[in-house]
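**Student:** Sharing a structure below in structure tokens format, with a few things to ask.
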Amino acid sequence: MAKGFFIDLTKCTACRGCQVACKQWKKLPGEKTQNWGSHQNPKDLSYITLKVVHFQEVVVDNKLDYIFFPEQCRHCVSAPCAMQAAKPGAIIQDEATGAVIYTEKTAELKFQDVADSCPYKIPRMDAKTKRISKCDMCLDRVQNNKLPACVLTCPTGAMNFGELEAMSAMAKKRLEEVKKTTPKAVLGDPDDVRVIYLFPVDPKLYHQNAVASLEAPLMTRKQLLAKAATPLRRLFS
Amino acid sequence: MMGSNPAENHPISFKWITKAKENGGVLIHVDPRFTRTSAKCDIYAPLRSGSDIAILGGLIKYIIDNNLYFKDYVINYTNAAHIVGEKYKFEDGLFSGFDATTKKYDKSTWAFELDADGNAKTDPTLQNPRCVFNIMKAHYERYDLKKVVEISGTPEDKLLEVYKAYAATGKPDKAGTICYAMGWTQHTVGVQNIRTMCMIQLLLGNMGIAGGGVNAMRGESNVQGSTDQALLFHILPGYLKSPVATDVSLEEYNKKYTPVCKDPKSANWWGNYPKYSTSLLKAMYPTAEPAQSYTWLPKGEVGKNYSWLPLFENMYKGDFKGFFAWGMNPACSGANAQKNREAFAKLDWMVNVNLFDNETGSFWRGPGMDPKKIKTEVFFLPCCTAIEKEGSVVNSGRWMQWRYAGPKPMGQTKPDGDIIYELFLKIRELYAKDPKAVFPEPIKNLGWDIATNHVYDPHKAAKILNGYFLKDVTIKDVTYKAGSLVPSFAMLQADGSTSSGCWIYSGSYTDKGNMSARRDSKQTPEQAKIGLFPSWSWSWPVNRRIIYNRASCDPTGKPWNPEKVVVSWNEADKKWVGDVPDGPWAPTEKYPFIMKTDGRAALYGPGLNDGPFPEYYEPLECPVPQHPFSKQLNNPTALQFAHETKSVCDPRYPFVCTTYRVTEHWQTGLMTRYQDWLVETEPQMFVEMSEELAKLRAIKNGEKVIVENVRGSLWAIAIVTKRFKPFTVMGQTVHQVGIPWHFGWITPKDGGDSANLLTPSVGDPNTGIPETKAFMANVRKA
């Protein structure tokens, strides 16, 4: 069955348990960082940092807010990166879960093409091996009936994982609740992705790529999606 | 949440705080800076560090002025109606009985007016001008909005929003709770910060009920457990008193510390004191008569303070030969840390028991030290981590939770229990061998049956804490066999026939098994409504989950809030149902606050060292020469050392500085600074400051700056943020900055050093806890 995440940002406290749990499960090394005048670190995703929590101080309606965005691959329902990949077997979509998986063959892809195809600018390349990496939904865990590491560690209930249909329903229900107090709350591209964020305020305040932009990449993606409409996609249209 | 930042420092607790919000709870955060906690709250109010009693005293006045207190609760369950003696006075910031030379109060001047039986006289109509309620009302009359705003820097509209929301919980069907942490305790008025909140909770009827209480968010996961077992100098296990030199016999000791009350409605539970002290002695010295073994206990000098700050003051003066730094890193964790580092050099030897090398064990090769000139011999004993050991941890809700051991200890690291076990065997052997050994009895006779096959056995230790019958004992027609475990502290005896290493843990490990290892989530429908799980782990005392729970009912035993029942009185069966009640008596028979001698919760608390009511004082280092409440600038009884300078309105150090933690590091960082995934997230010492202050000092976000004061100087990366704002205090702009205390010079190499190089060695007069949450500093470009 197709799987999905629901990430409720109203409940995210930026404890960064998810960011660290990801590295722990994946046995990825820590990056050599410096404090750059923010609590956010590393500054961005990298080949060895597949999940990063962004911190933003924003003033909305004259009120200070401190908002957090645990960024990761959205595992698109129809993944543009997989569709454009010229090398078979480099980017595959797991049939059972829908997880988008980058293999060692990504070293043979043109990184820029992969990066450009992603509406959320997630993929990162290793300068040495030229391999490309990103979140793989902890497919090894999921196939063994375990939650992804980031979801398991989340203390507040911000991170949820399960059947995509159930996650989508949970997101829509929670949105209705949140809207009562925060009318501008939205879900991020809920029909197109397997990682559905609930943004209580304008998604662009969290990150420039928090939702798919209206510019070129999305158009490309829309075209791709039109070609590759799946039964799953129809579930949400 | 005030004096705490649970989203960052107690992230798991925020799961439940989030649930409370989902259930319609209003979350309030009062804190000097806007944090990850503030971001999740309905109301955020900033305050200048150290001005808490102004805010809380103002709330007391607001509750009284607007008649929002829970009158039935206050009159029946607190000492509001007690009449205070004529000797009590309060004038211009000082209570009666103050001795300016010794800087101590004569507390006898704060006593109640007594009747012929020795009970306090009361006036339940609250008409008597000397009753506690009226004296309290008069005391806080000065704490008006204008003054509170003036000194705290909190905007008036935010303050009123907080007052209104919190005071609304004074209704019988409402509950309000407070989560505090070191933001309240680490002040020269630390205990009084918490007492002010206790008074508010009593005025609103929020003690003993579901969702009430004054909740300490602990700074270490087993602080509750280690305090229960007497980690601190002033107590023996189970909150018994440490004897002093004048307590020459067990009989005199028991007499002195056993309170007497002639009010038949007071349970006066501490009246059982001799049963607990005698059982403790039998746990320590099973083969000796308690009167004998009492003489073997160490006795303190009368009035001498053996807490952290005086200990390091004495070490600094060269009074100690040796020092065990056990699971601690005082080179980074102690206030005025440079003094501690220099004090280590006065020792002959130090034993450092820890997971990793730290700034304490390696002080001799630290910044500014010349190893050639240091005589101290350091022994490092590597111990294993908590998760490699079996045993219990006690949370702030007093749940004793048993844990099995995880991975096997690495290399030759040992559990602390084994290190202590073997150390003592060796010490005993040396005493036995030495014919000239001085006072060998306490060592030779100590019961030391805590190991199985020479390996420390946590089950044996837990059973010793629970206690045994040492002879056949018959209580109410039931005979308990010698050697069986005591089922509850109600069975402990003062005649030496029972033992218990910590009376409040009696009932935790009985002949039915290890209660703290239980993981059964069954509950009644009533318990489900309040999230009470009576068969999940075990809670002291006697598995009572909410202490003083009889106060959740009216004086006839009917719950104030029928929707959230903790206990209720069943008149037909003549018993309480629900949680384990505070005693079996009918509601009309005894008052609910059974640990208070007179059975009443204390709005007026004549036992503390700095006054029966919390009073506003500035921190010992402060940015103002005076405050609006009195001419007494600081707490006159605060713990301090005359030879150490304090900055008050010193233009060289104009900014209020506070210390705190981040989610990503733990304590002095020893367990996290060696961990790449965590260092990646918070790699370096930082100082947070407002955009306004950064502009004033021409500091750019992310640049290296110097934070300095009378005690020292350190570098930090500037985090310039909207989350800090300058305060307007007494008409002046006061800037505040904040620094974390997790860093140290050992690792990471470019991580910076400890915030405690700047914190003052001044402390609370009751506990001695250092004032690390409010002091003065300067910030400048590096």
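Going through the structure tokens in order, the chains are called A, B, and so on, while each chain numbers its residues from 1 and the ligands are numbered from 1 in the order shown.
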Using only C-alpha atoms, find which residues of chain A lie within 10 Å of chain B and jot them down as a count of residues only.
**Tutor:** 48
**Student:** May I have the residues within 9 Å of Cys622 in chain B as an MDAnalysis selection string, using only C-alpha atoms and disregarding those fewer than 5 positions away in the same chain?
**Tutor:** chainID B and resid 50 646:650 654:656 774:776
**Student:** Using only C-alpha atoms, which protein or nucleic acid residues come within 10 Å of Lys121 in chain A? Drop anything in the same chain fewer than 3 positions from it, and give the result as a list of chain:residue names.
**Tutor:**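 Listed by chain and then number, they are A:Leu45, A:Gln72, A:Cys73, A:Val114, A:Ala115, A:Asp116, A:Ser117, A:Cys118, A:Arg124, A:Gln208, A:Asn209, A:Ala210, A:Ala212, A:Pro217.
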**Student:** As a ChimeraX atom specification, which residues of range 44-196 of chain B does DSSP assign to strand (DSSP E or B)?
**Tutor:** /B:44-45,78,82-84,90-91,94-95,98-99,104-105,112,114,120,122,131,178-180
**Student:** Name the residues in contact with Leu381 in chain B at a cut-off of 12 Å, using only C-alpha atoms, excluding same-chain residues fewer than 5 positions from it; report them as a list in words.
**Tutor:**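 Returned residues: Phe324, Ala325, Trp326, Gly327, Met350, Val351, Asn352, Val353, Asn354, Leu355, Phe356, Asp357, Asn358, Gly361, Gln412, Thr413, Lys414, Pro415, Asp416, Asp418, Ile419, Ile420 and Leu423 of chain B.
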**Student:** Using DSSP on the backbone coordinates, identify the residues of range 520-688 of chain B assigned to helix (DSSP H, G or I); present them as an MDAnalysis selection string.
**Tutor:** chainID B and resid 525:529 549:552 676:681
**Student:** CA of Arg141 in chain A and CA of Ala107 in chain A, how far apart in Å?
**Tutor:** 24.7 Å
**Student:** Can you measure CA of Met197 in chain B to CA of Cys179 in chain B for me? One decimal in Å is fine.
**Tutor:**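 If I compute the distance from CA of Met197 in chain B to CA of Cys179 in chain B, I get 10.5 Å.
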**Student:** Go through A:Asp94, A:Met159, A:Val60, A:Phe6 one by one, measure the shortest atom-to-atom distance of each to Asp202 in chain A using only C-alpha atoms, and give the residue with the smallest value.
**Tutor:**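 Smallest distance to Asp202 in chain A is found for A:Val60.
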**Student:** Quick one: everything within 9 Å of Ala127 in chain A, counting only C-alpha atoms, minus sequence neighbours fewer than 3 positions away in the same chain. Send it as a list of chain:residue names.
**Tutor:**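 Counting only the stated atoms, we get A:Tyr47, A:Lys130, A:Arg131.
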**Student:** Store the residues of this selection in a file with C-alpha atoms, as a PDB file, in the first residue's frame.
**Tutor:**
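Here's the written file out.pdb:
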```
ATOM      1  CA  TYR A  47      24.794  14.690   0.389  1.00  0.00           C
ATOM      2  CA  LYS A 130      29.012  12.130  -8.189  1.00  0.00           C
ATOM      3  CA  ARG A 131      26.289  10.066  -6.582  1.00  0.00           C
TER       4      ARG A 131
END
```
**Student:** In Å to one decimal, how far is CA of Ala437 in chain B from CA of Lys375 in chain B?
**Tutor:**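 For CA of Lys375 in chain B relative to CA of Ala437 in chain B, the distance reads 26.8 Å.
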**Student:** So which residues touch Arg48 in chain B within 8 Å, counting only C-alpha atoms, skipping near sequence neighbours fewer than 2 positions away, as a VMD selection string?
**Tutor:** chain B and resid 31 to 32 46 50 to 51 152 to 154 727 736
